[in-house]
Amino acid sequence: MNYQELANLIFPDAKDISYYEAKYPERNLPEGAIVTRFAPSPTGFVHIGSLCQALVARTVAKRTGGVFFLRVEDTDQKREVENGVTGIVKSLQEFDMAPDEGQIGENEEIGNYGPYKQSLRKEIYQSYAKYMLSIGKAYPCFATPEELEEMRAKQEAAKVRTGYYGVWAKYRNLSIEEAAEKIKAGVPYIIRFKSPGREDRKIKHKDIIKGNVDFPENDQDIVIIKADGLPTYHFAHAVDDHLMHTTHVIRADEWLSSVPLHLQLFQEMGFKPPKYAHISPIMKNDNGNKRKLSKRKDPEAAVNYYTELGIPNLAVKEYLLNIANSNFENWRKQNKDASIDEFDFQLNKMSVSGALFDMVKLLDVSKIVISKYTAEEVYEKAIEWAKVYDKELANLLEKNKEYSLKVLGIERGNEKPRKDIAKWSDLKENINYMYDEKFEKIKHNYELQKINDKEKIKKILNTYAEKYFNIQDDKQVWFDKLKDLAEEFGYAREVKEYKENPDKYEAHVGDVSTVIRIAVTGRANTPDLYAIMQVLGKDTVLKRLNSFA
RNA sequence: GGCCCCUUGGUCAAGCGGUUAAGACAUCGCCCUUUCACGGCGGAGACAUGGGUUCGAUUCCCGUAGGGGUCACCA
């Protein structure tokens, strides 16, 4: 019996690999085009780090006229989560990062290099495993879990490296006949790669992000086909990225230490290896220690978290780009209105070590993103969010669209737009008082400022309402009248004047306008009071001036 | 523990043997004809540590410490 016959015995129906080699020919792409992929396992929601990785992969593919595809790595059936694929596809769509090819729904896909779901590629992997068996580079292993555990215990006791390698690889040198006999007798087995590596030899790897990294060669006879017939990650990676013609594997740096294995696999299978770029994870400070953002422990690890808070997806992407290429920020400053697709992203500029996640910075980016939206855009995006997360806000905005647009348009669209909204969940609190029905329900707990005598305040408000307030006034006239009002009550007309003679005056025009601001809006801090009054309209302003208690 | 990687202000980070060691966020102060926000100006704040190499090290080499990753029939 020879290797080929053993291979036939194990995978009698598997096709010859030439079939697949012909079926998935080289891609016809321009020179320098990068083919990348996002290859998550459908085990729940998308992690912010995965999103970052997908964003980077997609960006470099787009910039080079290449392809970005989505492959679903569902070879571990135990970890599978219902609708896992849908969640991933949806998240990518929401972030405007739909793949060029690959999985586009739980069971739908596009592209010529599929299937893109690994569980549907079982036959392909088996063909390649058969090929490896037939050339003696893989073999069946009959070790039971107990046996492996025992081996590990021995290794630990002897303080040697754990794993299935060298002398420990018990079934590596089993004769073909013996192996065949066991298989025929129904002894359970899996398929292992017969590693030609030696631990005392080094391999050189040049990672696009990490740079030169030298490792000992891989000498582990890793499992390539599991008991359930599905491949392990390593084997699937080699087969898929070969067949799908991935040029650049961009993935989390937890994979870096598998590079020697992966390179060896490509080598032994006769595949051209891809280039690798290992991305550092996004970290979190946990009691003074850095650690990866964890899906289980940290709500902010899931991309949905940001969606729920109402942080625009664009802001999340800009923040991630910021972490990924720190010159993004400068570029953004110089290209305020450009699409992020125009940014010249460089993989090799990515940081070698993991960055601590900074919510404050994200919110700052978000503020800037939102400040650039027109009133109409704010209206649409806020409603889209509110319909899911805050019905009350949605109703408020929708009840009178025209009016809402005016409210949202206050101090927006000029060259120094307001930057007071960082997320849609802040919005309601910011605009509540512009709606009379809300204003009346707010329990006003006025924090009176410098002028705090209630009787005096009422007098000021009355005087203002009767003598000075005119909705038709332009801003200068309106402001001059406030000064007149201040003067009438013996306050300083100008703030400067007050500051120069602090003993001469009790207060100044700013304090007077604060009184009016509080009466009209219920708060001491608001956007431009003139603009607010214009939007509220004469009747509402008068009503509020007169009803202050 | 073995192997691999990392270490510049509170955070993200420029920097590739000679710099007053950029910039952004945060923070503090002042200014911006009324608050807030914006904007402007300014302040404080960093090369983990010990040895080399060098005329000269944040930059190169070695050690130490600290941090991270990885060692599955999980990805």
# chains A, B, ... in the order shown; residues from 1 in each chain; ligands from 1
call {"tool": "residues_around", "arguments": {"residues": "A:Met244", "least_positions_apart": "2", "cutoff": "9 Å", "atoms": "only C-alpha atoms (C1' of nucleotides)", "output": "NGL selection string"}}
result
:A and (24-27 or 35 or 112-114 or 239-242 or 246)
call {"tool": "residues_around", "arguments": {"residues": "stretch 7-10 of chain B", "least_positions_apart": "2", "cutoff": "10 Å", "atoms": "only C-alpha atoms (C1' of nucleotides)", "output": "list in words"}}
result
Ser353 of chain A; A13, A14, G15, A21, A26, U27, G45, A46, C47, A48, U58, G66 and G67 of chain B
call {"tool": "interface_residues", "arguments": {"of": "chain A", "to": "chain B", "cutoff": "7 Å", "atoms": "only C-alpha atoms (C1' of nucleotides)", "output": "number ranges by chain"}}
result
A: 41, 76, 161, 223, 226-227, 233, 254, 257, 323, 326, 353, 358, 361, 416-420, 509-510, 513-514, 524-527
call {"tool": "atom_distance", "arguments": {"atom1": "atom CA of A:Ile311", "atom2": "atom CA of A:Tyr403"}}
result
23.9 Å
call {"tool": "select_by_dssp", "arguments": {"residues": "stretch 351-475 of chain A", "states": "alpha helix (DSSP H)", "output": "PyMOL selection string"}}
result
chain A and resi 359-371+375-389+391-399+401-408+424-431+436-441+454-463+475
call {"tool": "residues_around", "arguments": {"residues": "B:C55", "least_positions_apart": "2", "cutoff": "12 Å", "atoms": "only C-alpha atoms (C1' of nucleotides)", "output": "list in words"}}
result
G17, G18 and A57 of chain B
call {"tool": "residues_around", "arguments": {"residues": "stretch 455-463 of chain A", "least_positions_apart": "4", "cutoff": "9 Å", "atoms": "only C-alpha atoms (C1' of nucleotides)", "output": "ChimeraX atom specification"}}
result
/A:451,467-469,485-486,489,512,515-516,519,545-546,548-549
call {"tool": "select_by_dssp", "arguments": {"residues": "stretch 264-449 of chain A", "states": "strand (DSSP E)", "output": "PyMOL selection string"}}
result
chain A and resi 275-279+282-286+289-292+355-356
call {"tool": "residues_around", "arguments": {"residues": "A:Lys15", "least_positions_apart": "5", "cutoff": "12 Å", "atoms": "only C-alpha atoms (C1' of nucleotides)", "output": "PyMOL selection string"}}
result
chain A and resi 7-8+20-21+122-131
call {"tool": "write_last_selection", "arguments": {"atoms": "C-alpha atoms", "output": "tab-separated table (two decimals), in the first residue's frame"}}
result
chain	number	residue	atom	x	y	z
A	7	ALA	CA	-5.54	8.84	0.75
A	8	ASN	CA	-8.14	7.06	-1.36
A	20	TYR	CA	-10.37	23.47	-7.85
A	21	GLU	CA	-7.19	24.99	-9.18
A	122	LYS	CA	-15.86	20.85	3.36
A	123	GLU	CA	-15.25	18.94	0.14
A	124	ILE	CA	-12.63	21.42	-0.95
A	125	TYR	CA	-10.66	21.04	2.24
A	126	GLN	CA	-10.93	17.32	2.03
A	127	SER	CA	-9.58	17.35	-1.49
A	128	TYR	CA	-6.56	19.25	-0.34
A	129	ALA	CA	-6.16	17.04	2.70
A	130	LYS	CA	-6.31	14.05	0.42
A	131	TYR	CA	-3.66	15.62	-1.73
call {"tool": "atom_distance", "arguments": {"atom1": "atom C1' of B:U49", "atom2": "atom CA of A:Ile279"}}
result
28.4 Å
call {"tool": "closest_residue", "arguments": {"among": "A:Trp255, A:Phe271, A:Tyr305, A:Phe357", "to": "A:Asn285", "atoms": "only C-alpha atoms"}}
result
A:Phe357
call {"tool": "residues_around", "arguments": {"residues": "A:Gly197", "least_positions_apart": "4", "cutoff": "6 Å", "atoms": "only C-alpha atoms (C1' of nucleotides)", "output": "PyMOL selection string"}}
result
chain A and resi 217-219
call {"tool": "write_last_selection", "arguments": {"atoms": "all heavy atoms", "output": "mmCIF file, in the first residue's frame"}}
result
data_model
loop_
_atom_site.group_PDB
_atom_site.id
_atom_site.type_symbol
_atom_site.label_atom_id
_atom_site.label_comp_id
_atom_site.auth_asym_id
_atom_site.auth_seq_id
_atom_site.Cartn_x
_atom_site.Cartn_y
_atom_site.Cartn_z
ATOM 1 N N GLU A 217 11.367 27.575 13.491
ATOM 2 C CA GLU A 217 10.472 26.913 12.546
ATOM 3 C C GLU A 217 9.373 26.176 13.291
ATOM 4 O O GLU A 217 9.570 25.751 14.424
ATOM 5 C CB GLU A 217 11.253 25.878 11.723
ATOM 6 C CG GLU A 217 11.992 26.455 10.552
ATOM 7 C CD GLU A 217 12.672 25.359 9.727
ATOM 8 O OE1 GLU A 217 12.455 24.154 9.994
ATOM 9 O OE2 GLU A 217 13.423 25.731 8.836
ATOM 10 N N ASN A 218 8.280 25.979 12.602
ATOM 11 C CA ASN A 218 7.224 25.174 13.206
ATOM 12 C C ASN A 218 7.578 23.691 13.081
ATOM 13 O O ASN A 218 7.998 23.239 12.026
ATOM 14 C CB ASN A 218 5.900 25.421 12.492
ATOM 15 C CG ASN A 218 4.843 24.439 12.954
ATOM 16 O OD1 ASN A 218 4.413 24.482 14.091
ATOM 17 N ND2 ASN A 218 4.450 23.528 12.070
ATOM 18 N N ASP A 219 7.398 22.968 14.154
ATOM 19 C CA ASP A 219 7.608 21.522 14.052
ATOM 20 C C ASP A 219 6.406 20.749 14.601
ATOM 21 O O ASP A 219 6.475 19.561 14.835
ATOM 22 C CB ASP A 219 8.901 21.107 14.769
ATOM 23 C CG ASP A 219 8.816 21.337 16.275
ATOM 24 O OD1 ASP A 219 7.858 21.988 16.728
ATOM 25 O OD2 ASP A 219 9.719 20.864 16.989
#
